[in-house]
Amino acid sequence: MSLEEIDDIQERRAIERTLAQFDISQETIQKGVAYFIKQMEEGLSNETYSNDFLPMIPSFITHIPDGSETGLSLAADLGGTNFRICSVNLNGDHTFDMEQFKRKVDTTLMNGEDATSEEFFAYLARQVRYFLNKHHKFYLEKSESDLSKNPIKMSFTFSFPINQTSIDKGTLIRWTKGYNIPDAVGKDVVTLFQYALDEAKLPVKIVAITNDTVGTLLANSYSTLTQSKTVLGAIFGTGTNGAYPEKLENIKKLDPKIRAHLESKGVKDMIINTEWGSFDNKLEFLPTTIYDETVDSETSNAGVHLFEKRISGMFLGEIVRLVILDLHRRKLILNNYELGEDTLKNMSGGGSIRKSDSSTTLISLTNYPRRPNTKRFSHLVYTEWSLSTENLSRIQVDDSTELSVTELVLEEALHINTTYLDRLIIKKVTNAVSQRAALLASIAIAAVVLKTGRTGLTLSDDGQLVQTKHNDEIVEVGVDGAVVEFYPGFRKTIIKGLKLTQLGEQYSSKIEIVIAKDGSGVGAALCTKSYIE
Ligand code: ADP
Ligand code: MG
């Protein structure tokens, strides 16, 4: 299937140019790796947060599990799309038993006009009650005085940027991934949640606040049966982020008293939550199209988390939807639909009218003549976020001759009828957007691996690969999230991208990308055992 099938050379070129805006060269990838490491280093030294570097949040988790851990604990996980609760019983032999429950978070509580933290956390507490009632009734039946002495330990996986000052304290820096509960910003979310649990008279004590990436790293370390060390836990779900163990001496911003205390207990490393979603917030390096700018302008955290907005599940479908609208406006696809009033209104608001570069000719919308015999689009075509990344997965995997799965997906999601050529082009767009996402992901992974030096290699200040020691070890990267787990070819493209980094074919083959199944939950449970008081 190729664009050769488009007869009109001008049109074909215009489409090719649009697709080419999502290409990333090897040079760009390598520049990205070097810049990423620089942003990590600055984040480790600077105490106050800034857009100039990565947040690099100390997690206060200092013990990497080895599979021998035992016992029962609870984990609550607020991702982006779902709230999950699980209880995990670690068997001490790399295996565990788990009960879990998940619920899609109600959008009015998450970002409604009157959304308040009190109502939001009370809602979470109600889910915890429901879960305990279903799976651990015993704890609800014990007398209150018994339980206040011996509550169940819970770890709270809260995957938003926080300023963490101890294992169980984290103030919210800002919401991401579509959340917006203004009064919670600047507050300690453990206090807010614990208050709601206490109000609901639940026998639960939050002992650790953590992040899904930290959980993924711990879970993979616990579960792996190989001798390989896990160097990184990474998430590609609604959002994207990574966590890795860093030497205490390199975490320059850590309070000297805390460092001295940990060193006196023999601690050498602490897991750092990079918050890499906000890599390059100043756009010094990231490839940017008008579609990226428009997506950003549609979000409640415009101007930040720009790396995430090019990679993760929340955004990829929306980027594709905007490209579809733009191609239609330029008469390149869906020509049996008219350029209605709606098109004018919606496209001029989002900023995608602007020319991205001189090679892309965008038609003028004023006085544009109606095409004869055309239909009107359903409002869904103009509805922000109406095309999900899950839909893109189905388009990506469609290899039927008529692209009939794609036809169905577009009909279902956007209520449009497509010709074969429309579908062919939309499939190419999907491919271009997801390829770029996975290649950007490999920049982050290569940068962290090189920063740790765990493969015996680092980058010099001028970006050259330096071998520090001979090392034949394989290292593991534990990954979790629906995009890396289910998006066809995503993991493969990450591996391809790693080869294009400074690690090249030879050294990138030492990195194994492992899906840490149920990572967040197990990892969070492990957090209740992985810190020093
Ligand atoms: P969370 O980030 O909340 O923990 P997930 O890891 O389940 O949640 O990721 C949810 C995101 O992944 C959503 O943006 C959704 O559109 C996307 N997604 C869900 N299923 C798939 C799929 N099969 N292929 C690609 N993306 C998917
Ligand atoms: Mg998740």
# chains A, B, ... in the order shown; residues from 1 in each chain; ligands from 1
>>> select_by_dssp(residues="stretch 460-518 of chain A", states="alpha helix (DSSP H)", output="ChimeraX atom specification")
/A:482-486,490-500,504-508
>>> closest_atom_pairs(of="chain A", to="ligand 1", cutoff="9 Å", atoms="only C-alpha atoms and all ligand atoms", output="JSON lines")
{"residue": "A:Asp77", "atom": "CA", "partner": "ligand 1", "partner_atom_place_in_ligand_line": "4 (O)", "distance": 8.0}
{"residue": "A:Leu78", "atom": "CA", "partner": "ligand 1", "partner_atom_place_in_ligand_line": "3 (O)", "distance": 7.1}
{"residue": "A:Gly79", "atom": "CA", "partner": "ligand 1", "partner_atom_place_in_ligand_line": "3 (O)", "distance": 3.8}
{"residue": "A:Gly80", "atom": "CA", "partner": "ligand 1", "partner_atom_place_in_ligand_line": "3 (O)", "distance": 3.7}
{"residue": "A:Thr81", "atom": "CA", "partner": "ligand 1", "partner_atom_place_in_ligand_line": "3 (O)", "distance": 3.8}
{"residue": "A:Asn82", "atom": "CA", "partner": "ligand 1", "partner_atom_place_in_ligand_line": "3 (O)", "distance": 4.8}
{"residue": "A:Phe83", "atom": "CA", "partner": "ligand 1", "partner_atom_place_in_ligand_line": "3 (O)", "distance": 7.5}
{"residue": "A:Arg84", "atom": "CA", "partner": "ligand 1", "partner_atom_place_in_ligand_line": "4 (O)", "distance": 8.6}
{"residue": "A:Lys104", "atom": "CA", "partner": "ligand 1", "partner_atom_place_in_ligand_line": "3 (O)", "distance": 8.7}
{"residue": "A:Ser159", "atom": "CA", "partner": "ligand 1", "partner_atom_place_in_ligand_line": "4 (O)", "distance": 8.5}
{"residue": "A:Lys177", "atom": "CA", "partner": "ligand 1", "partner_atom_place_in_ligand_line": "2 (O)", "distance": 8.8}
{"residue": "A:Asp212", "atom": "CA", "partner": "ligand 1", "partner_atom_place_in_ligand_line": "4 (O)", "distance": 7.8}
{"residue": "A:Ile235", "atom": "CA", "partner": "ligand 1", "partner_atom_place_in_ligand_line": "6 (O)", "distance": 7.5}
{"residue": "A:Phe236", "atom": "CA", "partner": "ligand 1", "partner_atom_place_in_ligand_line": "6 (O)", "distance": 6.6}
{"residue": "A:Gly237", "atom": "CA", "partner": "ligand 1", "partner_atom_place_in_ligand_line": "9 (O)", "distance": 3.5}
{"residue": "A:Thr238", "atom": "CA", "partner": "ligand 1", "partner_atom_place_in_ligand_line": "2 (O)", "distance": 3.7}
{"residue": "A:Gly239", "atom": "CA", "partner": "ligand 1", "partner_atom_place_in_ligand_line": "2 (O)", "distance": 5.7}
{"residue": "A:Thr240", "atom": "CA", "partner": "ligand 1", "partner_atom_place_in_ligand_line": "2 (O)", "distance": 7.9}
{"residue": "A:Ser312", "atom": "CA", "partner": "ligand 1", "partner_atom_place_in_ligand_line": "14 (O)", "distance": 6.9}
{"residue": "A:Gly313", "atom": "CA", "partner": "ligand 1", "partner_atom_place_in_ligand_line": "14 (O)", "distance": 3.4}
{"residue": "A:Met314", "atom": "CA", "partner": "ligand 1", "partner_atom_place_in_ligand_line": "14 (O)", "distance": 3.9}
{"residue": "A:Phe315", "atom": "CA", "partner": "ligand 1", "partner_atom_place_in_ligand_line": "14 (O)", "distance": 7.1}
{"residue": "A:Leu316", "atom": "CA", "partner": "ligand 1", "partner_atom_place_in_ligand_line": "14 (O)", "distance": 8.2}
{"residue": "A:Gly317", "atom": "CA", "partner": "ligand 1", "partner_atom_place_in_ligand_line": "16 (O)", "distance": 7.7}
{"residue": "A:Leu387", "atom": "CA", "partner": "ligand 1", "partner_atom_place_in_ligand_line": "16 (O)", "distance": 8.7}
{"residue": "A:Ser388", "atom": "CA", "partner": "ligand 1", "partner_atom_place_in_ligand_line": "16 (O)", "distance": 4.9}
{"residue": "A:Thr389", "atom": "CA", "partner": "ligand 1", "partner_atom_place_in_ligand_line": "16 (O)", "distance": 4.3}
{"residue": "A:Glu390", "atom": "CA", "partner": "ligand 1", "partner_atom_place_in_ligand_line": "27 (C)", "distance": 3.9}
{"residue": "A:Asn391", "atom": "CA", "partner": "ligand 1", "partner_atom_place_in_ligand_line": "24 (N)", "distance": 7.1}
{"residue": "A:Leu392", "atom": "CA", "partner": "ligand 1", "partner_atom_place_in_ligand_line": "25 (C)", "distance": 6.7}
{"residue": "A:Ser393", "atom": "CA", "partner": "ligand 1", "partner_atom_place_in_ligand_line": "24 (N)", "distance": 4.7}
{"residue": "A:Arg394", "atom": "CA", "partner": "ligand 1", "partner_atom_place_in_ligand_line": "24 (N)", "distance": 7.5}
{"residue": "A:Asp480", "atom": "CA", "partner": "ligand 1", "partner_atom_place_in_ligand_line": "6 (O)", "distance": 6.7}
{"residue": "A:Gly481", "atom": "CA", "partner": "ligand 1", "partner_atom_place_in_ligand_line": "6 (O)", "distance": 3.3}
{"residue": "A:Ala482", "atom": "CA", "partner": "ligand 1", "partner_atom_place_in_ligand_line": "6 (O)", "distance": 4.0}
{"residue": "A:Val483", "atom": "CA", "partner": "ligand 1", "partner_atom_place_in_ligand_line": "26 (N)", "distance": 4.2}
{"residue": "A:Val484", "atom": "CA", "partner": "ligand 1", "partner_atom_place_in_ligand_line": "25 (C)", "distance": 7.6}
{"residue": "A:Glu485", "atom": "CA", "partner": "ligand 1", "partner_atom_place_in_ligand_line": "24 (N)", "distance": 7.5}
{"residue": "A:Phe486", "atom": "CA", "partner": "ligand 1", "partner_atom_place_in_ligand_line": "23 (N)", "distance": 4.6}
{"residue": "A:Tyr487", "atom": "CA", "partner": "ligand 1", "partner_atom_place_in_ligand_line": "24 (N)", "distance": 4.2}
{"residue": "A:Pro488", "atom": "CA", "partner": "ligand 1", "partner_atom_place_in_ligand_line": "24 (N)", "distance": 7.4}
{"residue": "A:Ser520", "atom": "CA", "partner": "ligand 1", "partner_atom_place_in_ligand_line": "4 (O)", "distance": 8.1}
>>> closest_residue(among="A:Val207, A:Ile85, A:Val514, A:Leu339", to="ligand 2", atoms="only C-alpha atoms and all ligand atoms")
A:Ile85
>>> residues_around(residues="A:Gly523", least_positions_apart="4", cutoff="7 Å", atoms="only C-alpha atoms", output="ChimeraX atom specification")
/A:215-216,218-219,519,527
>>> closest_residue(among="A:Thr70, A:Thr95, A:Thr289, A:Gln100", to="A:Ser530", atoms="only C-alpha atoms")
A:Thr70
>>> atom_distance(atom1="atom CA of A:Asp23", atom2="atom CA of A:Leu322")
17.3 Å
>>> residues_around(residues="A:Ile15", least_positions_apart="2", cutoff="10 Å", atoms="only C-alpha atoms", output="list in words")
Leu3, Ile6, Ile9, Gln10, Glu11, Arg12, Arg13, Arg17, Thr18, Leu19, Ala20, Leu327, Arg330, Leu332, Ile333, Thr360, Ile425, Lys428 and Val429 of chain A
>>> residues_around(residues="A:Ile511", least_positions_apart="4", cutoff="9 Å", atoms="only C-alpha atoms", output="PDB file with N, CA and C atoms, in the first residue's frame")
ATOM      1  N   VAL A 449      19.868   5.095  30.425  1.00  0.00           N
ATOM      2  CA  VAL A 449      20.835   3.991  30.471  1.00  0.00           C
ATOM      3  C   VAL A 449      22.265   4.550  30.441  1.00  0.00           C
ATOM      4  N   THR A 455      25.684   0.054  31.412  1.00  0.00           N
ATOM      5  CA  THR A 455      26.152  -0.858  30.368  1.00  0.00           C
ATOM      6  C   THR A 455      27.653  -0.698  30.140  1.00  0.00           C
ATOM      7  N   ILE A 474      23.401  -7.950  30.389  1.00  0.00           N
ATOM      8  CA  ILE A 474      22.176  -7.425  29.792  1.00  0.00           C
ATOM      9  C   ILE A 474      21.478  -6.606  30.883  1.00  0.00           C
ATOM     10  N   VAL A 475      20.938  -5.448  30.520  1.00  0.00           N
ATOM     11  CA  VAL A 475      20.154  -4.705  31.511  1.00  0.00           C
ATOM     12  C   VAL A 475      18.690  -4.698  31.067  1.00  0.00           C
ATOM     13  N   GLU A 476      17.804  -4.643  32.068  1.00  0.00           N
ATOM     14  CA  GLU A 476      16.383  -4.660  31.733  1.00  0.00           C
ATOM     15  C   GLU A 476      15.743  -3.295  31.948  1.00  0.00           C
ATOM     16  N   VAL A 477      14.836  -2.968  31.052  1.00  0.00           N
ATOM     17  CA  VAL A 477      14.000  -1.791  31.226  1.00  0.00           C
ATOM     18  C   VAL A 477      12.577  -2.328  31.406  1.00  0.00           C
ATOM     19  N   ILE A 495      12.974  -0.152  20.005  1.00  0.00           N
ATOM     20  CA  ILE A 495      14.237  -0.887  19.849  1.00  0.00           C
ATOM     21  C   ILE A 495      15.000  -0.373  18.623  1.00  0.00           C
ATOM     22  N   LEU A 498      16.569   2.849  19.600  1.00  0.00           N
ATOM     23  CA  LEU A 498      17.750   2.701  20.461  1.00  0.00           C
ATOM     24  C   LEU A 498      19.001   2.479  19.612  1.00  0.00           C
ATOM     25  N   TYR A 507      25.614  -1.856  21.268  1.00  0.00           N
ATOM     26  CA  TYR A 507      25.317  -1.723  22.695  1.00  0.00           C
ATOM     27  C   TYR A 507      23.813  -1.712  23.003  1.00  0.00           C
TER      28      TYR A 507
END
>>> residues_around(residues="A:Glu27", least_positions_apart="2", cutoff="12 Å", atoms="only C-alpha atoms", output="ChimeraX atom specification")
/A:23-25,29-34,285,443,463,497,500-502
>>> decode(residues="stretch 498-515 of chain A", atoms="N, CA, C and O atoms", output="PDB file, in the first residue's frame")
ATOM      1  N   LEU A 498      16.569   2.849  19.600  1.00  0.00           N
ATOM      2  CA  LEU A 498      17.750   2.701  20.461  1.00  0.00           C
ATOM      3  C   LEU A 498      19.001   2.479  19.612  1.00  0.00           C
ATOM      4  O   LEU A 498      20.083   2.977  19.917  1.00  0.00           O
ATOM      5  N   LYS A 499      18.832   1.745  18.512  1.00  0.00           N
ATOM      6  CA  LYS A 499      19.970   1.484  17.617  1.00  0.00           C
ATOM      7  C   LYS A 499      20.466   2.769  16.965  1.00  0.00           C
ATOM      8  O   LYS A 499      21.627   2.882  16.602  1.00  0.00           O
ATOM      9  N   LEU A 500      19.545   3.720  16.788  1.00  0.00           N
ATOM     10  CA  LEU A 500      19.924   4.987  16.147  1.00  0.00           C
ATOM     11  C   LEU A 500      20.593   5.950  17.136  1.00  0.00           C
ATOM     12  O   LEU A 500      21.171   6.949  16.743  1.00  0.00           O
ATOM     13  N   THR A 501      20.508   5.636  18.436  1.00  0.00           N
ATOM     14  CA  THR A 501      21.156   6.509  19.424  1.00  0.00           C
ATOM     15  C   THR A 501      22.656   6.210  19.437  1.00  0.00           C
ATOM     16  O   THR A 501      23.126   5.313  18.724  1.00  0.00           O
ATOM     17  N   GLN A 502      23.367   6.911  20.297  1.00  0.00           N
ATOM     18  CA  GLN A 502      24.811   6.709  20.430  1.00  0.00           C
ATOM     19  C   GLN A 502      25.137   5.261  20.790  1.00  0.00           C
ATOM     20  O   GLN A 502      26.246   4.796  20.572  1.00  0.00           O
ATOM     21  N   LEU A 503      24.185   4.538  21.361  1.00  0.00           N
ATOM     22  CA  LEU A 503      24.451   3.142  21.750  1.00  0.00           C
ATOM     23  C   LEU A 503      24.650   2.250  20.530  1.00  0.00           C
ATOM     24  O   LEU A 503      25.342   1.229  20.610  1.00  0.00           O
ATOM     25  N   GLY A 504      24.081   2.660  19.415  1.00  0.00           N
ATOM     26  CA  GLY A 504      24.255   1.896  18.179  1.00  0.00           C
ATOM     27  C   GLY A 504      23.711   0.475  18.283  1.00  0.00           C
ATOM     28  O   GLY A 504      23.177   0.079  19.307  1.00  0.00           O
ATOM     29  N   GLU A 505      23.903  -0.278  17.198  1.00  0.00           N
ATOM     30  CA  GLU A 505      23.439  -1.677  17.152  1.00  0.00           C
ATOM     31  C   GLU A 505      24.066  -2.478  18.283  1.00  0.00           C
ATOM     32  O   GLU A 505      23.405  -3.224  18.997  1.00  0.00           O
ATOM     33  N   GLN A 506      25.377  -2.307  18.411  1.00  0.00           N
ATOM     34  CA  GLN A 506      26.155  -3.170  19.297  1.00  0.00           C
ATOM     35  C   GLN A 506      25.692  -3.072  20.754  1.00  0.00           C
ATOM     36  O   GLN A 506      25.397  -4.080  21.386  1.00  0.00           O
ATOM     37  N   TYR A 507      25.614  -1.856  21.268  1.00  0.00           N
ATOM     38  CA  TYR A 507      25.317  -1.723  22.695  1.00  0.00           C
ATOM     39  C   TYR A 507      23.813  -1.712  23.003  1.00  0.00           C
ATOM     40  O   TYR A 507      23.410  -2.088  24.085  1.00  0.00           O
ATOM     41  N   SER A 508      23.021  -1.273  22.036  1.00  0.00           N
ATOM     42  CA  SER A 508      21.585  -1.258  22.341  1.00  0.00           C
ATOM     43  C   SER A 508      21.041  -2.676  22.453  1.00  0.00           C
ATOM     44  O   SER A 508      20.017  -2.914  23.089  1.00  0.00           O
ATOM     45  N   SER A 509      21.756  -3.633  21.886  1.00  0.00           N
ATOM     46  CA  SER A 509      21.289  -5.023  21.994  1.00  0.00           C
ATOM     47  C   SER A 509      21.426  -5.538  23.430  1.00  0.00           C
ATOM     48  O   SER A 509      20.921  -6.604  23.766  1.00  0.00           O
ATOM     49  N   LYS A 510      22.100  -4.781  24.283  1.00  0.00           N
ATOM     50  CA  LYS A 510      22.214  -5.202  25.692  1.00  0.00           C
ATOM     51  C   LYS A 510      21.035  -4.733  26.537  1.00  0.00           C
ATOM     52  O   LYS A 510      20.967  -4.996  27.732  1.00  0.00           O
ATOM     53  N   ILE A 511      20.158  -3.971  25.897  1.00  0.00           N
ATOM     54  CA  ILE A 511      18.991  -3.486  26.645  1.00  0.00           C
ATOM     55  C   ILE A 511      17.796  -4.342  26.299  1.00  0.00           C
ATOM     56  O   ILE A 511      17.438  -4.471  25.127  1.00  0.00           O
ATOM     57  N   GLU A 512      17.189  -4.890  27.308  1.00  0.00           N
ATOM     58  CA  GLU A 512      15.998  -5.696  27.080  1.00  0.00           C
ATOM     59  C   GLU A 512      14.774  -4.945  27.609  1.00  0.00           C
ATOM     60  O   GLU A 512      14.779  -4.520  28.758  1.00  0.00           O
ATOM     61  N   ILE A 513      13.782  -4.798  26.752  1.00  0.00           N
ATOM     62  CA  ILE A 513      12.574  -4.085  27.192  1.00  0.00           C
ATOM     63  C   ILE A 513      11.512  -5.107  27.584  1.00  0.00           C
ATOM     64  O   ILE A 513      11.066  -5.892  26.765  1.00  0.00           O
ATOM     65  N   VAL A 514      11.181  -5.103  28.880  1.00  0.00           N
ATOM     66  CA  VAL A 514      10.304  -6.137  29.414  1.00  0.00           C
ATOM     67  C   VAL A 514       9.000  -5.497  29.881  1.00  0.00           C
ATOM     68  O   VAL A 514       9.021  -4.489  30.594  1.00  0.00           O
ATOM     69  N   ILE A 515       7.883  -6.087  29.485  1.00  0.00           N
ATOM     70  CA  ILE A 515       6.607  -5.573  29.974  1.00  0.00           C
ATOM     71  C   ILE A 515       6.442  -6.022  31.428  1.00  0.00           C
ATOM     72  O   ILE A 515       6.445  -7.215  31.720  1.00  0.00           O
TER      73      ILE A 515
END
